[in-house]
Amino acid sequence: MSLIFLWIVSWYFVTEIKIDTVKVLRGEDPVAALAMAKKGWLQPNHQHRAELGAEIVDILKGLNRDQELIAFATEYLETLPANSAHAASVMFELVNSITTLRVWDDHPKLFEQAEEVARLAPSAVLRSGVLSGLGTLRYRQADYKEAELLYRRAIDAMNGEMLPIMVLRYQQLAASLAQQGRFAVAFESMAKAQEVNDKLNLAVNLNLLKNMGGMLFNMGDFEQSIVYTQRAIDTGLAKGRVLASLYGNLGAAYMSHGDHDKAFEHFRHALDISVEAGIDNPDLLNNMGFLLIGQGRYQEALKLLNEALTILEERKSFEIIAVVNKNMGEAWMKLGDRMQAAECLERAYVLYSEYDLRPKRLELYPLMIENLESIGHIERALTLMHEFKTLNDETVSVESNERIAELVATLELERSKRLLALSENDRAVQTEALASLEREHEIDRTIRYGLMALVVALGVIALLLIRSVRFKTRAYRVLAEKNSEIAALNTELKRQSSEDALTGLHNRRFLTEFMAREAPKVVRAFKEGSEPRLLMIIADLDHFKRVNDRFGHPVGDEVLRVFANVLRNCARESDVLVRWGGEEFLWVCRDADVNDAAELCQRVQDQLRTTPILCAGESLSITCSLGFAQFPLDHGDPLDWTESLKMADEALYEAKRAGRNCWMGHGDSRAV
């Protein structure tokens, strides 16, 4: 009898714990729902045990009980088969909790188990989710290459299926690429996320706008970074920590753009939001410290940076710790304590190298080299200079810069086209109305000739007709003016897409289109011997960072405008001038080759030397270095004009190494 009784009791409890009851109770009292679900889980023969276990994991996730989630999910995956939808969702949450707590060293077999669950997952979405979770874990470990590969596998697992989750997947891939310094492909991935969002007619994506702003900031396009970050704020969707982060990003973009007043205003707003929400915001403290360094308030900056460092060390956020150390090193340099600066910069260098943060290392090298030279560590400085050159060549190529500029311009043009859609529709309506008026005008003219014989009898009618014609003529003129305005607006948009806003010179997009048209003509003409080659000269202002540091970005902007005018004065009407980026400019000389280079380069240096640049009554002495190469080259693909740019860039680097304020160049593979 006792065995029968026990069987009846067991059957009663198993059937009483229903999954639907747990789900309903979860919305009212998640703790009670958790207790009920655990009771059902303890019954090995419960028909919905797998689903109950997955529900327990979801409840623990909602309660932020990550340690308990890890323990239970581990038991779940050791107990039940790995080939179910519930197993895949539990594995996804397990990976996320391990990533959140950074306890991956305690789970050495995690990747092996997760790969098996992903392989057996019954749907593409679940398989993609597990792989994406592993990618995020690798990202947190700063293994960005492995994270990239996992994110790509997560995207491929979807087999081209267009679902909202793909917006996130492409953003994750973009972040892993950006951390490797591969900005061109990173921006392509971010643009793909925007494309999916638009094709699915999804609502405005706050994270996408925020990430686009951050990506553009890292690429140095601060104007567009401001635009996208402000759009993210304007959605009204951001609250608390996210809103504080957005205002912090906006402040950083304004700071890098040279508007320190707006930068401080946004930093202060971000700090107020953080304090109100009870949030520690070390990133913001770091950015405010960096701004204070730019304003010469070094002791105040060090105080904020030390506060940020204390918080970050508790969190073990080593990537940001490296950034703070770099900023502290710069502050100590400004205060004249070069040895203290060397210690901070070295700590940043070690962390940047350990976590392979290439974009950050590129920012660090010039500071370290300058500081090491000042304290007499020449050999170490030379080693870092070689590292800097190698990493820079790997990270920032002519092709990647060109692709980045093209993608940014394309996105903005698409946005402009959408904004002009209504105007274009109005134009079509106006054109149709104009055609209708012309037809009516023709009919009126025919009638008028017929009525001329009856002028005396029908004088009044004739006067009314003439008045009608005059009214229609005026209407015709108004419509024609509107069409002209729309055409002018389109022309202006096209001009803006190919012109640098600060200097008025052409931009990279223009050069790409120009060379696509001109390169085949030049190569064909050169082969026929009918015309010389093109000469490409890259000019870079020497020690331009010192101008910004000492006088501020507004003065730096004025120096760039003055130098642009110097190039205009030196160039011929048929030449093309391009602002290549930052303080770097490109001069494409028609009907010229290396034999003309010395005269042209010397012309620029002479003109710059005799051009006054004044700041607060002080005359600034600005010099430049130049590198050149001809196009086409005598080797390789004759149409590959980017190869000539690479050689000109290498020549510019050699001019810098030779002491600056000079020029060097290449004919084909020969130094000149």
# chains A, B, ... in the order shown; residues from 1 in each chain; ligands from 1
call {"tool": "select_by_dssp", "arguments": {"residues": "range 121-189 of chain A", "states": "helix (DSSP H, G or I)", "output": "PyMOL selection string"}}
result
chain A and resi 124-140+144-156+165-179+183-189
call {"tool": "residues_around", "arguments": {"residues": "Leu309 in chain A", "least_positions_apart": "2", "cutoff": "8 Å", "atoms": "only C-alpha atoms", "output": "list of chain:residue names"}}
result
A:Pro282, A:Leu305, A:Asn306, A:Glu307, A:Ile311, A:Leu312, A:Glu313, A:Ile321, A:Val324
call {"tool": "write_last_selection", "arguments": {"atoms": "all heavy atoms", "output": "short mmCIF file (atom, residue, chain, number, x, y, z; two decimals), in the first residue's frame"}}
result
data_model
loop_
_atom_site.label_atom_id
_atom_site.label_comp_id
_atom_site.auth_asym_id
_atom_site.auth_seq_id
_atom_site.Cartn_x
_atom_site.Cartn_y
_atom_site.Cartn_z
N PRO A 282 32.72 56.37 -14.87
CA PRO A 282 34.16 56.63 -15.04
C PRO A 282 34.51 57.11 -16.44
O PRO A 282 35.46 57.87 -16.61
CB PRO A 282 34.80 55.27 -14.73
CG PRO A 282 33.72 54.27 -14.97
CD PRO A 282 32.45 54.95 -14.59
N LEU A 305 40.73 62.09 -13.29
CA LEU A 305 41.25 60.86 -13.88
C LEU A 305 41.56 59.82 -12.80
O LEU A 305 41.35 58.62 -13.00
CB LEU A 305 42.50 61.16 -14.71
CG LEU A 305 42.24 61.99 -15.98
CD1 LEU A 305 43.56 62.44 -16.61
CD2 LEU A 305 41.43 61.20 -17.00
N ASN A 306 42.06 60.27 -11.65
CA ASN A 306 42.32 59.35 -10.54
C ASN A 306 41.01 58.75 -10.00
O ASN A 306 40.95 57.58 -9.65
CB ASN A 306 43.08 60.05 -9.42
CG ASN A 306 44.59 60.01 -9.66
OD1 ASN A 306 45.16 58.95 -9.89
ND2 ASN A 306 45.23 61.17 -9.60
N GLU A 307 39.94 59.58 -9.95
CA GLU A 307 38.63 59.07 -9.53
C GLU A 307 38.16 57.98 -10.50
O GLU A 307 37.66 56.93 -10.09
CB GLU A 307 37.61 60.21 -9.50
CG GLU A 307 37.76 61.18 -8.35
CD GLU A 307 36.68 62.25 -8.39
OE1 GLU A 307 35.53 61.94 -8.76
OE2 GLU A 307 36.98 63.41 -8.06
N ILE A 311 37.47 53.64 -9.83
CA ILE A 311 36.25 52.90 -10.18
C ILE A 311 36.57 51.79 -11.18
O ILE A 311 36.10 50.65 -11.05
CB ILE A 311 35.20 53.85 -10.77
CG1 ILE A 311 34.80 54.91 -9.74
CG2 ILE A 311 33.96 53.09 -11.23
CD1 ILE A 311 33.96 56.04 -10.31
N LEU A 312 37.37 52.10 -12.19
CA LEU A 312 37.66 51.14 -13.26
C LEU A 312 38.48 49.96 -12.75
O LEU A 312 38.29 48.83 -13.21
CB LEU A 312 38.40 51.85 -14.40
CG LEU A 312 37.56 52.86 -15.19
CD1 LEU A 312 38.46 53.74 -16.04
CD2 LEU A 312 36.54 52.14 -16.06
N GLU A 313 39.39 50.21 -11.82
CA GLU A 313 40.19 49.10 -11.28
C GLU A 313 39.33 48.14 -10.48
O GLU A 313 39.57 46.93 -10.48
CB GLU A 313 41.33 49.66 -10.43
CG GLU A 313 42.44 50.28 -11.29
CD GLU A 313 43.53 50.94 -10.47
OE1 GLU A 313 43.29 51.20 -9.27
OE2 GLU A 313 44.61 51.21 -11.03
N ILE A 321 40.98 51.48 -18.47
CA ILE A 321 42.10 51.83 -17.60
C ILE A 321 43.28 52.30 -18.45
O ILE A 321 43.98 53.26 -18.10
CB ILE A 321 42.51 50.62 -16.73
CG1 ILE A 321 41.44 50.36 -15.67
CG2 ILE A 321 43.86 50.84 -16.07
CD1 ILE A 321 41.66 49.09 -14.88
N VAL A 324 42.67 55.89 -19.57
CA VAL A 324 42.87 56.85 -18.47
C VAL A 324 44.36 57.06 -18.21
O VAL A 324 44.82 58.19 -18.00
CB VAL A 324 42.16 56.35 -17.19
CG1 VAL A 324 42.48 57.26 -16.01
CG2 VAL A 324 40.65 56.30 -17.41
#
call {"tool": "residues_around", "arguments": {"residues": "range 548-556 of chain A", "least_positions_apart": "4", "cutoff": "8 Å", "atoms": "only C-alpha atoms", "output": "PyMOL selection string"}}
result
chain A and resi 257-259+294+544+560+615
call {"tool": "residues_around", "arguments": {"residues": "range 91-95 of chain A", "least_positions_apart": "2", "cutoff": "9 Å", "atoms": "only C-alpha atoms", "output": "PyMOL selection string"}}
result
chain A and resi 57-58+61+66+69-71+73-74+77+86-89+97-100+104+110+113-114+117-118+126+129-134+136-137
call {"tool": "closest_residue", "arguments": {"among": "A:Leu620, A:Cys662, A:Leu291, A:Ala277", "to": "Ala539 in chain A", "atoms": "only C-alpha atoms"}}
result
A:Cys662
call {"tool": "residues_around", "arguments": {"residues": "range 363-367 of chain A", "least_positions_apart": "4", "cutoff": "12 Å", "atoms": "only C-alpha atoms", "output": "PyMOL selection string"}}
result
chain A and resi 181+218+220+322-334+338+341-342+344-353+357-359+371-374+380-392+543+545-546
call {"tool": "write_last_selection", "arguments": {"atoms": "C-alpha atoms", "output": "JSON list (two decimals), in the first residue's frame"}}
result
[["chain", "number", "residue", "atom", "x", "y", "z"],
["A", 181, "GLY", "CA", 41.23, 49.14, -36.58],
["A", 218, "ASN", "CA", 36.56, 56.62, -33.90],
["A", 220, "GLY", "CA", 37.69, 60.98, -36.90],
["A", 322, "ALA", "CA", 44.59, 52.03, -20.47],
["A", 323, "VAL", "CA", 42.85, 55.13, -21.89],
["A", 324, "VAL", "CA", 42.87, 56.85, -18.47],
["A", 325, "ASN", "CA", 46.59, 56.11, -18.04],
["A", 326, "LYS", "CA", 47.29, 57.59, -21.47],
["A", 327, "ASN", "CA", 45.43, 60.81, -20.50],
["A", 328, "MET", "CA", 47.23, 60.96, -17.14],
["A", 329, "GLY", "CA", 50.53, 60.60, -18.95],
["A", 330, "GLU", "CA", 49.66, 63.55, -21.18],
["A", 331, "ALA", "CA", 48.73, 65.66, -18.12],
["A", 332, "TRP", "CA", 52.06, 64.87, -16.42],
["A", 333, "MET", "CA", 53.88, 65.78, -19.65],
["A", 334, "LYS", "CA", 52.18, 69.19, -19.64],
["A", 338, "ARG", "CA", 58.30, 63.51, -17.74],
["A", 341, "ALA", "CA", 54.38, 60.63, -17.59],
["A", 342, "ALA", "CA", 56.58, 57.78, -18.83],
["A", 344, "CYS", "CA", 51.57, 56.22, -17.05],
["A", 345, "LEU", "CA", 52.17, 55.94, -20.80],
["A", 346, "GLU", "CA", 54.02, 52.65, -20.37],
["A", 347, "ARG", "CA", 51.08, 51.19, -18.39],
["A", 348, "ALA", "CA", 48.75, 52.27, -21.20],
["A", 349, "TYR", "CA", 51.09, 50.75, -23.81],
["A", 350, "VAL", "CA", 51.18, 47.38, -22.01],
["A", 351, "LEU", "CA", 47.38, 47.19, -21.77],
["A", 352, "TYR", "CA", 46.82, 48.36, -25.36],
["A", 353, "SER", "CA", 49.26, 45.71, -26.57],
["A", 357, "LEU", "CA", 43.55, 47.86, -29.18],
["A", 358, "ARG", "CA", 45.07, 49.08, -32.41],
["A", 359, "PRO", "CA", 43.28, 52.45, -32.84],
["A", 371, "ASN", "CA", 58.20, 61.87, -24.11],
["A", 372, "LEU", "CA", 60.94, 59.26, -24.49],
["A", 373, "GLU", "CA", 62.98, 61.60, -26.68],
["A", 374, "SER", "CA", 62.71, 64.33, -24.03],
["A", 380, "ARG", "CA", 63.21, 52.92, -27.04],
["A", 381, "ALA", "CA", 61.71, 55.85, -28.96],
["A", 382, "LEU", "CA", 63.16, 54.53, -32.23],
["A", 383, "THR", "CA", 61.74, 51.06, -31.58],
["A", 384, "LEU", "CA", 58.29, 52.52, -30.98],
["A", 385, "MET", "CA", 58.59, 54.66, -34.12],
["A", 386, "HIS", "CA", 59.11, 51.52, -36.20],
["A", 387, "GLU", "CA", 56.14, 49.84, -34.47],
["A", 388, "PHE", "CA", 54.04, 52.94, -35.15],
["A", 389, "LYS", "CA", 54.92, 52.93, -38.84],
["A", 390, "THR", "CA", 54.16, 49.21, -39.24],
["A", 391, "LEU", "CA", 50.85, 49.35, -37.36],
["A", 392, "ASN", "CA", 49.76, 52.49, -39.17],
["A", 543, "HIS", "CA", 53.79, 69.56, -35.72],
["A", 545, "LYS", "CA", 49.11, 68.96, -33.03],
["A", 546, "ARG", "CA", 51.22, 71.51, -31.14]]
